[in-house]
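J.: Could you have a look at this structure, given as structure tokens, before my questions?
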Amino acid sequence: MGVEFLKGHGTENDFVVLPDPDGVLDLTEARVRALCDRQRGLGADGVLRVVRPDFGPWFMDYRNADGSIAEMCGNGVRVFSRYLVEAELVPAGEFTIGTRAGERHVVVHSDGTVTVDMGRVLVTGTSTATVDGRTFSGVAVDVGNPHLGCVTDVPVAELDLHLPPGHDPAQFPHGVNVEFVNVLGDGALRMRVHERGVGETRSCGTGTVAAVASWLHGTGQRVGKATVDVLGGQVSVVIEEESSTLTGPAVLLARGELDQAWWDAL
């Protein structure tokens, strides 16, 4: 028997899902990197390991494509939750899952979308990012993981995000996810994102929340809602004083079995 896997995405932010209820898989950095490699592996922005602790809800063990451990992933939570329902590990509807950023309440809707309670959003200061010698002012936002949301008049489609944007390492010693945001209209944003440990992705769930928080902060507001267009589709974000929600699609598109010899060789 090989290692069971599924492939899924949330607004084209894609993941390998590894069911591991007993927590027996030795998920090394090398194995994560190989799985996420788009030439020698399955290809993905990250890995979602499905683990059932002795106590508490199902836990999302999320790894970035470079093998590093991450606190939270909004698109990953949606895919993870959809898997739990389709695998009949939880009933459809409302339930809670565990992440390194704390427990997250989710609602899996009948139309395939998932709403995630993203927790409290904290604006922690300001900073800058640099791309191709240009400096962008941004707002530092904590969504369980670190973000720098840069609202700009520069069309985000023009930016070259193949390399990580420059940032202040003293302010973000563990790296930062950087969002570049255009305002399309009242309550309508467009975003591109460079994720730490991954590169540019077609969507980032926590990043869309950070983008909305950055836009609201720039208008002098703390609460509000917006749609966010990303390369992989559109999501909806609501930010309140003590909580926030993210709603968007979650797709499971394939399942199979990793060759045991390939896995062991890594």
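We name chains A, B, ... following the order of the structure tokens; residues begin at 1 in each chain, and ligands are numbered from 1 as shown.
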Could you build a table of the residues in region 65-166 of chain A lying no more than 12 Å from region 216-224 of chain A, giving for each the nearest pair of atoms and their separation in Å rounded to one decimal place, using only C-alpha atoms, ordered by chain and ascending residue number, as JSON lines?
T.:
```
{"residue": "A:Arg120", "atom": "CA", "partner": "A:Val223", "partner_atom": "CA", "distance": 11.1}
{"residue": "A:Val121", "atom": "CA", "partner": "A:Arg222", "partner_atom": "CA", "distance": 9.5}
{"residue": "A:Leu122", "atom": "CA", "partner": "A:Arg222", "partner_atom": "CA", "distance": 9.7}
{"residue": "A:Val123", "atom": "CA", "partner": "A:His217", "partner_atom": "CA", "distance": 8.1}
{"residue": "A:Thr124", "atom": "CA", "partner": "A:His217", "partner_atom": "CA", "distance": 11.0}
{"residue": "A:Gly125", "atom": "CA", "partner": "A:His217", "partner_atom": "CA", "distance": 10.5}
{"residue": "A:Thr126", "atom": "CA", "partner": "A:His217", "partner_atom": "CA", "distance": 10.6}
{"residue": "A:Ser137", "atom": "CA", "partner": "A:Gly218", "partner_atom": "CA", "distance": 11.0}
{"residue": "A:Gly138", "atom": "CA", "partner": "A:Gly218", "partner_atom": "CA", "distance": 9.6}
{"residue": "A:Val139", "atom": "CA", "partner": "A:His217", "partner_atom": "CA", "distance": 8.0}
{"residue": "A:Ala140", "atom": "CA", "partner": "A:His217", "partner_atom": "CA", "distance": 10.5}
{"residue": "A:Val141", "atom": "CA", "partner": "A:His217", "partner_atom": "CA", "distance": 10.2}
{"residue": "A:Gly149", "atom": "CA", "partner": "A:His217", "partner_atom": "CA", "distance": 10.2}
{"residue": "A:Cys150", "atom": "CA", "partner": "A:Gly218", "partner_atom": "CA", "distance": 10.0}
{"residue": "A:Val151", "atom": "CA", "partner": "A:Gly218", "partner_atom": "CA", "distance": 8.2}
{"residue": "A:Thr152", "atom": "CA", "partner": "A:Gly218", "partner_atom": "CA", "distance": 10.8}
```
J.: Next, write the just-selected residues to a file, as an mmCIF file, in the first residue's frame, keeping all heavy atoms as the atom set.
T.:
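Listed below is the output, result_7.cif:
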```cif
data_model
loop_
_atom_site.group_PDB
_atom_site.id
_atom_site.type_symbol
_atom_site.label_atom_id
_atom_site.label_comp_id
_atom_site.auth_asym_id
_atom_site.auth_seq_id
_atom_site.Cartn_x
_atom_site.Cartn_y
_atom_site.Cartn_z
ATOM 1 N N ARG A 120 -9.670 37.293 14.965
ATOM 2 C CA ARG A 120 -9.481 38.736 15.052
ATOM 3 C C ARG A 120 -8.318 39.174 14.163
ATOM 4 O O ARG A 120 -7.273 38.518 14.115
ATOM 5 C CB ARG A 120 -9.204 39.143 16.500
ATOM 6 C CG ARG A 120 -9.176 40.645 16.724
ATOM 7 C CD ARG A 120 -8.883 40.980 18.162
ATOM 8 N NE ARG A 120 -8.873 42.425 18.368
ATOM 9 C CZ ARG A 120 -8.439 43.013 19.463
ATOM 10 N NH1 ARG A 120 -7.984 42.275 20.473
ATOM 11 N NH2 ARG A 120 -8.464 44.327 19.575
ATOM 12 N N VAL A 121 -8.508 40.277 13.460
ATOM 13 C CA VAL A 121 -7.480 40.833 12.582
ATOM 14 C C VAL A 121 -6.848 42.020 13.297
ATOM 15 O O VAL A 121 -7.549 42.928 13.755
ATOM 16 C CB VAL A 121 -8.089 41.280 11.243
ATOM 17 C CG1 VAL A 121 -7.015 41.858 10.334
ATOM 18 C CG2 VAL A 121 -8.783 40.108 10.562
ATOM 19 N N LEU A 122 -5.530 42.026 13.379
ATOM 20 C CA LEU A 122 -4.823 43.076 14.088
ATOM 21 C C LEU A 122 -3.925 43.859 13.131
ATOM 22 O O LEU A 122 -3.073 43.274 12.458
ATOM 23 C CB LEU A 122 -3.963 42.489 15.207
ATOM 24 C CG LEU A 122 -4.702 41.743 16.320
ATOM 25 C CD1 LEU A 122 -3.691 41.119 17.284
ATOM 26 C CD2 LEU A 122 -5.639 42.681 17.063
ATOM 27 N N VAL A 123 -4.130 45.159 13.077
ATOM 28 C CA VAL A 123 -3.195 46.043 12.373
ATOM 29 C C VAL A 123 -2.107 46.417 13.377
ATOM 30 O O VAL A 123 -2.392 46.992 14.429
ATOM 31 C CB VAL A 123 -3.907 47.298 11.842
ATOM 32 C CG1 VAL A 123 -2.894 48.293 11.272
ATOM 33 C CG2 VAL A 123 -4.925 46.911 10.780
ATOM 34 N N THR A 124 -0.868 46.063 13.059
ATOM 35 C CA THR A 124 0.217 46.193 14.035
ATOM 36 C C THR A 124 1.209 47.303 13.710
ATOM 37 O O THR A 124 2.150 47.517 14.478
ATOM 38 C CB THR A 124 0.979 44.864 14.160
ATOM 39 O OG1 THR A 124 1.529 44.507 12.884
ATOM 40 C CG2 THR A 124 0.045 43.759 14.635
ATOM 41 N N GLY A 125 1.008 48.006 12.603
ATOM 42 C CA GLY A 125 1.942 49.080 12.271
ATOM 43 C C GLY A 125 1.998 49.302 10.779
ATOM 44 O O GLY A 125 1.118 48.889 10.028
ATOM 45 N N THR A 126 3.045 49.984 10.354
ATOM 46 C CA THR A 126 3.262 50.245 8.939
ATOM 47 C C THR A 126 4.677 49.824 8.562
ATOM 48 O O THR A 126 5.552 49.677 9.408
ATOM 49 C CB THR A 126 3.069 51.733 8.599
ATOM 50 O OG1 THR A 126 3.994 52.511 9.360
ATOM 51 C CG2 THR A 126 1.645 52.175 8.902
ATOM 52 N N SER A 137 4.345 51.575 0.205
ATOM 53 C CA SER A 137 3.964 51.688 1.607
ATOM 54 C C SER A 137 2.894 50.649 1.922
ATOM 55 O O SER A 137 2.014 50.376 1.098
ATOM 56 C CB SER A 137 3.422 53.096 1.901
ATOM 57 O OG SER A 137 4.416 54.068 1.666
ATOM 58 N N GLY A 138 2.980 50.077 3.122
ATOM 59 C CA GLY A 138 2.035 49.039 3.482
ATOM 60 C C GLY A 138 1.647 49.072 4.935
ATOM 61 O O GLY A 138 2.241 49.788 5.755
ATOM 62 N N VAL A 139 0.653 48.281 5.250
ATOM 63 C CA VAL A 139 0.136 48.137 6.606
ATOM 64 C C VAL A 139 0.438 46.727 7.083
ATOM 65 O O VAL A 139 0.112 45.750 6.393
ATOM 66 C CB VAL A 139 -1.389 48.403 6.646
ATOM 67 C CG1 VAL A 139 -1.934 48.190 8.053
ATOM 68 C CG2 VAL A 139 -1.697 49.811 6.160
ATOM 69 N N ALA A 140 1.087 46.613 8.230
ATOM 70 C CA ALA A 140 1.375 45.297 8.809
ATOM 71 C C ALA A 140 0.112 44.756 9.468
ATOM 72 O O ALA A 140 -0.510 45.432 10.291
ATOM 73 C CB ALA A 140 2.501 45.415 9.835
ATOM 74 N N VAL A 141 -0.265 43.542 9.088
ATOM 75 C CA VAL A 141 -1.515 42.944 9.555
ATOM 76 C C VAL A 141 -1.238 41.532 10.044
ATOM 77 O O VAL A 141 -0.578 40.740 9.363
ATOM 78 C CB VAL A 141 -2.577 42.904 8.431
ATOM 79 C CG1 VAL A 141 -3.895 42.346 8.965
ATOM 80 C CG2 VAL A 141 -2.788 44.287 7.824
ATOM 81 N N GLY A 149 0.129 44.517 3.757
ATOM 82 C CA GLY A 149 -0.814 44.868 2.707
ATOM 83 C C GLY A 149 -0.508 46.232 2.133
ATOM 84 O O GLY A 149 -0.561 47.238 2.846
ATOM 85 N N CYS A 150 -0.190 46.285 0.839
ATOM 86 C CA CYS A 150 0.210 47.531 0.183
ATOM 87 C C CYS A 150 -0.872 47.944 -0.816
ATOM 88 O O CYS A 150 -0.972 47.363 -1.903
ATOM 89 C CB CYS A 150 1.538 47.349 -0.540
ATOM 90 S SG CYS A 150 2.904 46.808 0.516
ATOM 91 N N VAL A 151 -1.683 48.913 -0.437
ATOM 92 C CA VAL A 151 -2.681 49.463 -1.350
ATOM 93 C C VAL A 151 -1.987 50.473 -2.247
ATOM 94 O O VAL A 151 -1.305 51.390 -1.773
ATOM 95 C CB VAL A 151 -3.832 50.117 -0.569
ATOM 96 C CG1 VAL A 151 -4.857 50.715 -1.535
ATOM 97 C CG2 VAL A 151 -4.506 49.098 0.350
ATOM 98 N N THR A 152 -2.132 50.317 -3.554
ATOM 99 C CA THR A 152 -1.351 51.118 -4.495
ATOM 100 C C THR A 152 -2.172 51.471 -5.725
ATOM 101 O O THR A 152 -3.106 50.749 -6.100
ATOM 102 C CB THR A 152 -0.084 50.348 -4.923
ATOM 103 O OG1 THR A 152 0.637 51.102 -5.894
ATOM 104 C CG2 THR A 152 -0.430 48.984 -5.511
#
```
J.: Would you return as a list in words the members of region 177-212 of chain A that DSSP assigns to strand (DSSP E) on this structure's backbone?
T.: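 Everything in region 177-212 of chain A that counts as strand (DSSP E) is Asn177, Val178, Glu179, Phe180, Val181, Asn182, Val183, Leu184, Gly185, Ala188, Leu189, Arg190, Met191, Arg192, Val193, His194, Glu195, Gly199, Glu200 and Thr201 of chain A.
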J.: Now that the selection is made, can you save its residues with C-alpha atoms as a PDB file, in the first residue's frame?
T.:
```pdb
ATOM      1  CA  ASN A 177       3.369  37.541   3.083  1.00  0.00           C
ATOM      2  CA  VAL A 178       3.134  40.663   0.906  1.00  0.00           C
ATOM      3  CA  GLU A 179      -0.093  41.750  -0.793  1.00  0.00           C
ATOM      4  CA  PHE A 180      -0.359  44.409  -3.503  1.00  0.00           C
ATOM      5  CA  VAL A 181      -3.883  45.800  -3.716  1.00  0.00           C
ATOM      6  CA  ASN A 182      -5.793  47.935  -6.219  1.00  0.00           C
ATOM      7  CA  VAL A 183      -9.123  49.503  -5.268  1.00  0.00           C
ATOM      8  CA  LEU A 184     -11.643  48.801  -8.036  1.00  0.00           C
ATOM      9  CA  GLY A 185     -14.537  50.543  -6.303  1.00  0.00           C
ATOM     10  CA  ALA A 188     -14.190  45.818  -4.472  1.00  0.00           C
ATOM     11  CA  LEU A 189     -10.456  45.058  -4.522  1.00  0.00           C
ATOM     12  CA  ARG A 190      -7.933  43.309  -6.757  1.00  0.00           C
ATOM     13  CA  MET A 191      -4.877  41.618  -5.224  1.00  0.00           C
ATOM     14  CA  ARG A 192      -1.672  39.834  -6.075  1.00  0.00           C
ATOM     15  CA  VAL A 193       0.386  38.163  -3.371  1.00  0.00           C
ATOM     16  CA  HIS A 194       3.850  36.789  -2.744  1.00  0.00           C
ATOM     17  CA  GLU A 195       3.690  34.175   0.026  1.00  0.00           C
ATOM     18  CA  GLY A 199       6.368  32.478  -4.050  1.00  0.00           C
ATOM     19  CA  GLU A 200       3.563  34.165  -5.919  1.00  0.00           C
ATOM     20  CA  THR A 201       0.340  32.176  -5.610  1.00  0.00           C
TER      21      THR A 201
END
```
J.: Show me, as number ranges by chain, the residues that have an atom within 9 Å of Gly2 (chain A) when counting only C-alpha atoms, minus same-chain residues fewer than 4 positions from it.
T.: A: 257-261, 263
J.: Taking all heavy atoms for each residue, export the selection above as a short mmCIF file (atom, residue, chain, number, x, y, z; two decimals), in the first residue's frame.
T.:
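Saved to selection_5.cif:
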```cif
data_model
loop_
_atom_site.label_atom_id
_atom_site.label_comp_id
_atom_site.auth_asym_id
_atom_site.auth_seq_id
_atom_site.Cartn_x
_atom_site.Cartn_y
_atom_site.Cartn_z
N GLU A 257 -2.83 7.43 -4.91
CA GLU A 257 -1.90 6.79 -3.99
C GLU A 257 -0.47 7.06 -4.44
O GLU A 257 -0.12 6.81 -5.59
CB GLU A 257 -2.17 5.29 -3.96
CG GLU A 257 -1.43 4.52 -2.92
CD GLU A 257 -1.83 3.06 -2.94
OE1 GLU A 257 -2.84 2.70 -2.29
OE2 GLU A 257 -1.15 2.28 -3.62
N LEU A 258 0.33 7.62 -3.54
CA LEU A 258 1.74 7.84 -3.83
C LEU A 258 2.48 6.52 -3.79
O LEU A 258 2.22 5.68 -2.91
CB LEU A 258 2.35 8.80 -2.80
CG LEU A 258 1.77 10.21 -2.74
CD1 LEU A 258 2.24 10.91 -1.48
CD2 LEU A 258 2.16 10.99 -3.98
N ASP A 259 3.39 6.32 -4.72
CA ASP A 259 4.19 5.10 -4.73
C ASP A 259 5.03 5.00 -3.46
O ASP A 259 5.74 5.95 -3.11
CB ASP A 259 5.09 5.10 -5.96
CG ASP A 259 5.90 3.83 -6.06
OD1 ASP A 259 5.33 2.80 -6.47
OD2 ASP A 259 7.10 3.88 -5.71
N GLN A 260 4.95 3.88 -2.77
CA GLN A 260 5.65 3.72 -1.50
C GLN A 260 7.16 3.81 -1.67
O GLN A 260 7.85 4.40 -0.83
CB GLN A 260 5.28 2.39 -0.85
CG GLN A 260 5.79 2.25 0.58
CD GLN A 260 5.10 3.21 1.55
OE1 GLN A 260 3.87 3.26 1.60
NE2 GLN A 260 5.88 3.95 2.32
N ALA A 261 7.69 3.29 -2.77
CA ALA A 261 9.13 3.34 -3.00
C ALA A 261 9.58 4.79 -3.20
O ALA A 261 10.66 5.19 -2.72
CB ALA A 261 9.50 2.48 -4.21
N TRP A 263 8.10 7.47 -1.96
CA TRP A 263 8.00 8.10 -0.63
C TRP A 263 9.20 7.71 0.24
O TRP A 263 9.83 8.56 0.86
CB TRP A 263 6.68 7.68 0.02
CG TRP A 263 6.44 8.22 1.39
CD1 TRP A 263 6.75 7.60 2.57
CD2 TRP A 263 5.83 9.46 1.75
NE1 TRP A 263 6.37 8.38 3.65
CE2 TRP A 263 5.80 9.53 3.16
CE3 TRP A 263 5.30 10.53 1.01
CZ2 TRP A 263 5.26 10.61 3.85
CZ3 TRP A 263 4.77 11.61 1.69
CH2 TRP A 263 4.75 11.64 3.08
#
```
J.: From the options A:Pro155, A:Pro169, A:Pro21, A:Gly102, which residue's atoms come nearest to Leu84 (chain A), counting only C-alpha atoms?
T.: A:Pro21
J.: Using only C-alpha atoms, determine which residues lie at most 12 Å from region 52-58 of chain A, disregarding the query and same-chain residues fewer than 4 positions distant; provide the list as a list in words.
T.: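 Here the qualifying residues turn out to be Pro19, Asp20, Pro21, Asp22, Gly23, Val24, Leu48, Val77, Phe80, Ser81, Tyr83, Leu84, Val85, Leu89, Val90, Phe95, Thr96, Ile97, Gly98, Thr99, Arg100, Gly102, Glu103, Arg104, His105 and Val106 of chain A.
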J.: Go through A:Leu27, A:Leu42, A:Ala101, A:Leu6 one by one, measure the shortest atom-to-atom distance of each to Phe59 (chain A) using only C-alpha atoms, and give the residue with the smallest value.
T.: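 Looking only at the distances to Phe59 (chain A), the closest residue turns out to be A:Ala101.
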J.: Which residue is closest to Val79 (chain A)? Choose from A:Gly133, A:Gly8, A:Pro146, A:Gly205 and count only C-alpha atoms.
T.: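 Closest to Val79 (chain A), using only C-alpha atoms: A:Gly8.
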J.: Report as a compact mmCIF listing (two decimals) with all heavy atoms, in the first residue's frame all protein, DNA and RNA residues lying within 6 Å of Arg63 (chain A), evaluated on only C-alpha atoms, omitting residues in the same chain fewer than 3 positions from it.
T.:
```
# COMPACT_ATOMS: atom_id res chain seq x y z
N GLY A 46 1.22 23.99 -1.23
CA GLY A 46 1.43 23.53 0.13
C GLY A 46 0.81 22.17 0.36
O GLY A 46 0.16 21.60 -0.53
N VAL A 47 1.04 21.64 1.55
CA VAL A 47 0.53 20.32 1.94
C VAL A 47 -0.36 20.47 3.17
O VAL A 47 0.00 21.16 4.13
CB VAL A 47 1.69 19.35 2.24
CG1 VAL A 47 1.16 18.04 2.83
CG2 VAL A 47 2.48 19.07 0.97
N GLY A 67 8.61 23.34 2.55
CA GLY A 67 8.71 22.42 3.68
C GLY A 67 8.57 23.08 5.03
O GLY A 67 8.47 22.39 6.05
N SER A 68 8.55 24.41 5.06
CA SER A 68 8.44 25.11 6.34
C SER A 68 7.02 25.01 6.89
O SER A 68 6.05 24.84 6.15
CB SER A 68 8.84 26.58 6.19
OG SER A 68 8.00 27.24 5.26
N ILE A 69 6.92 25.11 8.21
CA ILE A 69 5.64 25.03 8.90
C ILE A 69 5.00 26.41 8.96
O ILE A 69 5.67 27.40 9.23
CB ILE A 69 5.83 24.47 10.32
CG1 ILE A 69 6.27 23.00 10.25
CG2 ILE A 69 4.55 24.60 11.13
CD1 ILE A 69 6.62 22.40 11.59
N ALA A 70 3.71 26.49 8.67
CA ALA A 70 2.99 27.77 8.71
C ALA A 70 1.86 27.70 9.74
O ALA A 70 1.34 26.64 10.05
CB ALA A 70 2.42 28.10 7.33
```
J.: Here is a test: counting only C-alpha atoms, which residue of A:Val51, A:Leu246, A:Ala34, A:Val230 is nearest to Val107 (chain A)?
T.: A:Leu246
J.: For each of A:Asn145, A:Ser236, A:Ser110, A:Ser203, take the minimum atom-to-atom distance to Gly175 (chain A), counting only C-alpha atoms, then give the residue where this is smallest.
T.: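 Nearest candidate to Gly175 (chain A) out of A:Asn145, A:Ser236, A:Ser110, A:Ser203: A:Asn145.
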J.: Which one of A:Asn13, A:Ala92, A:Gly43, A:Val176 sits closest to Thr128 (chain A) if you count only C-alpha atoms?
T.: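 Among A:Asn13, A:Ala92, A:Gly43, A:Val176, it is A:Val176 that comes nearest to Thr128 (chain A).
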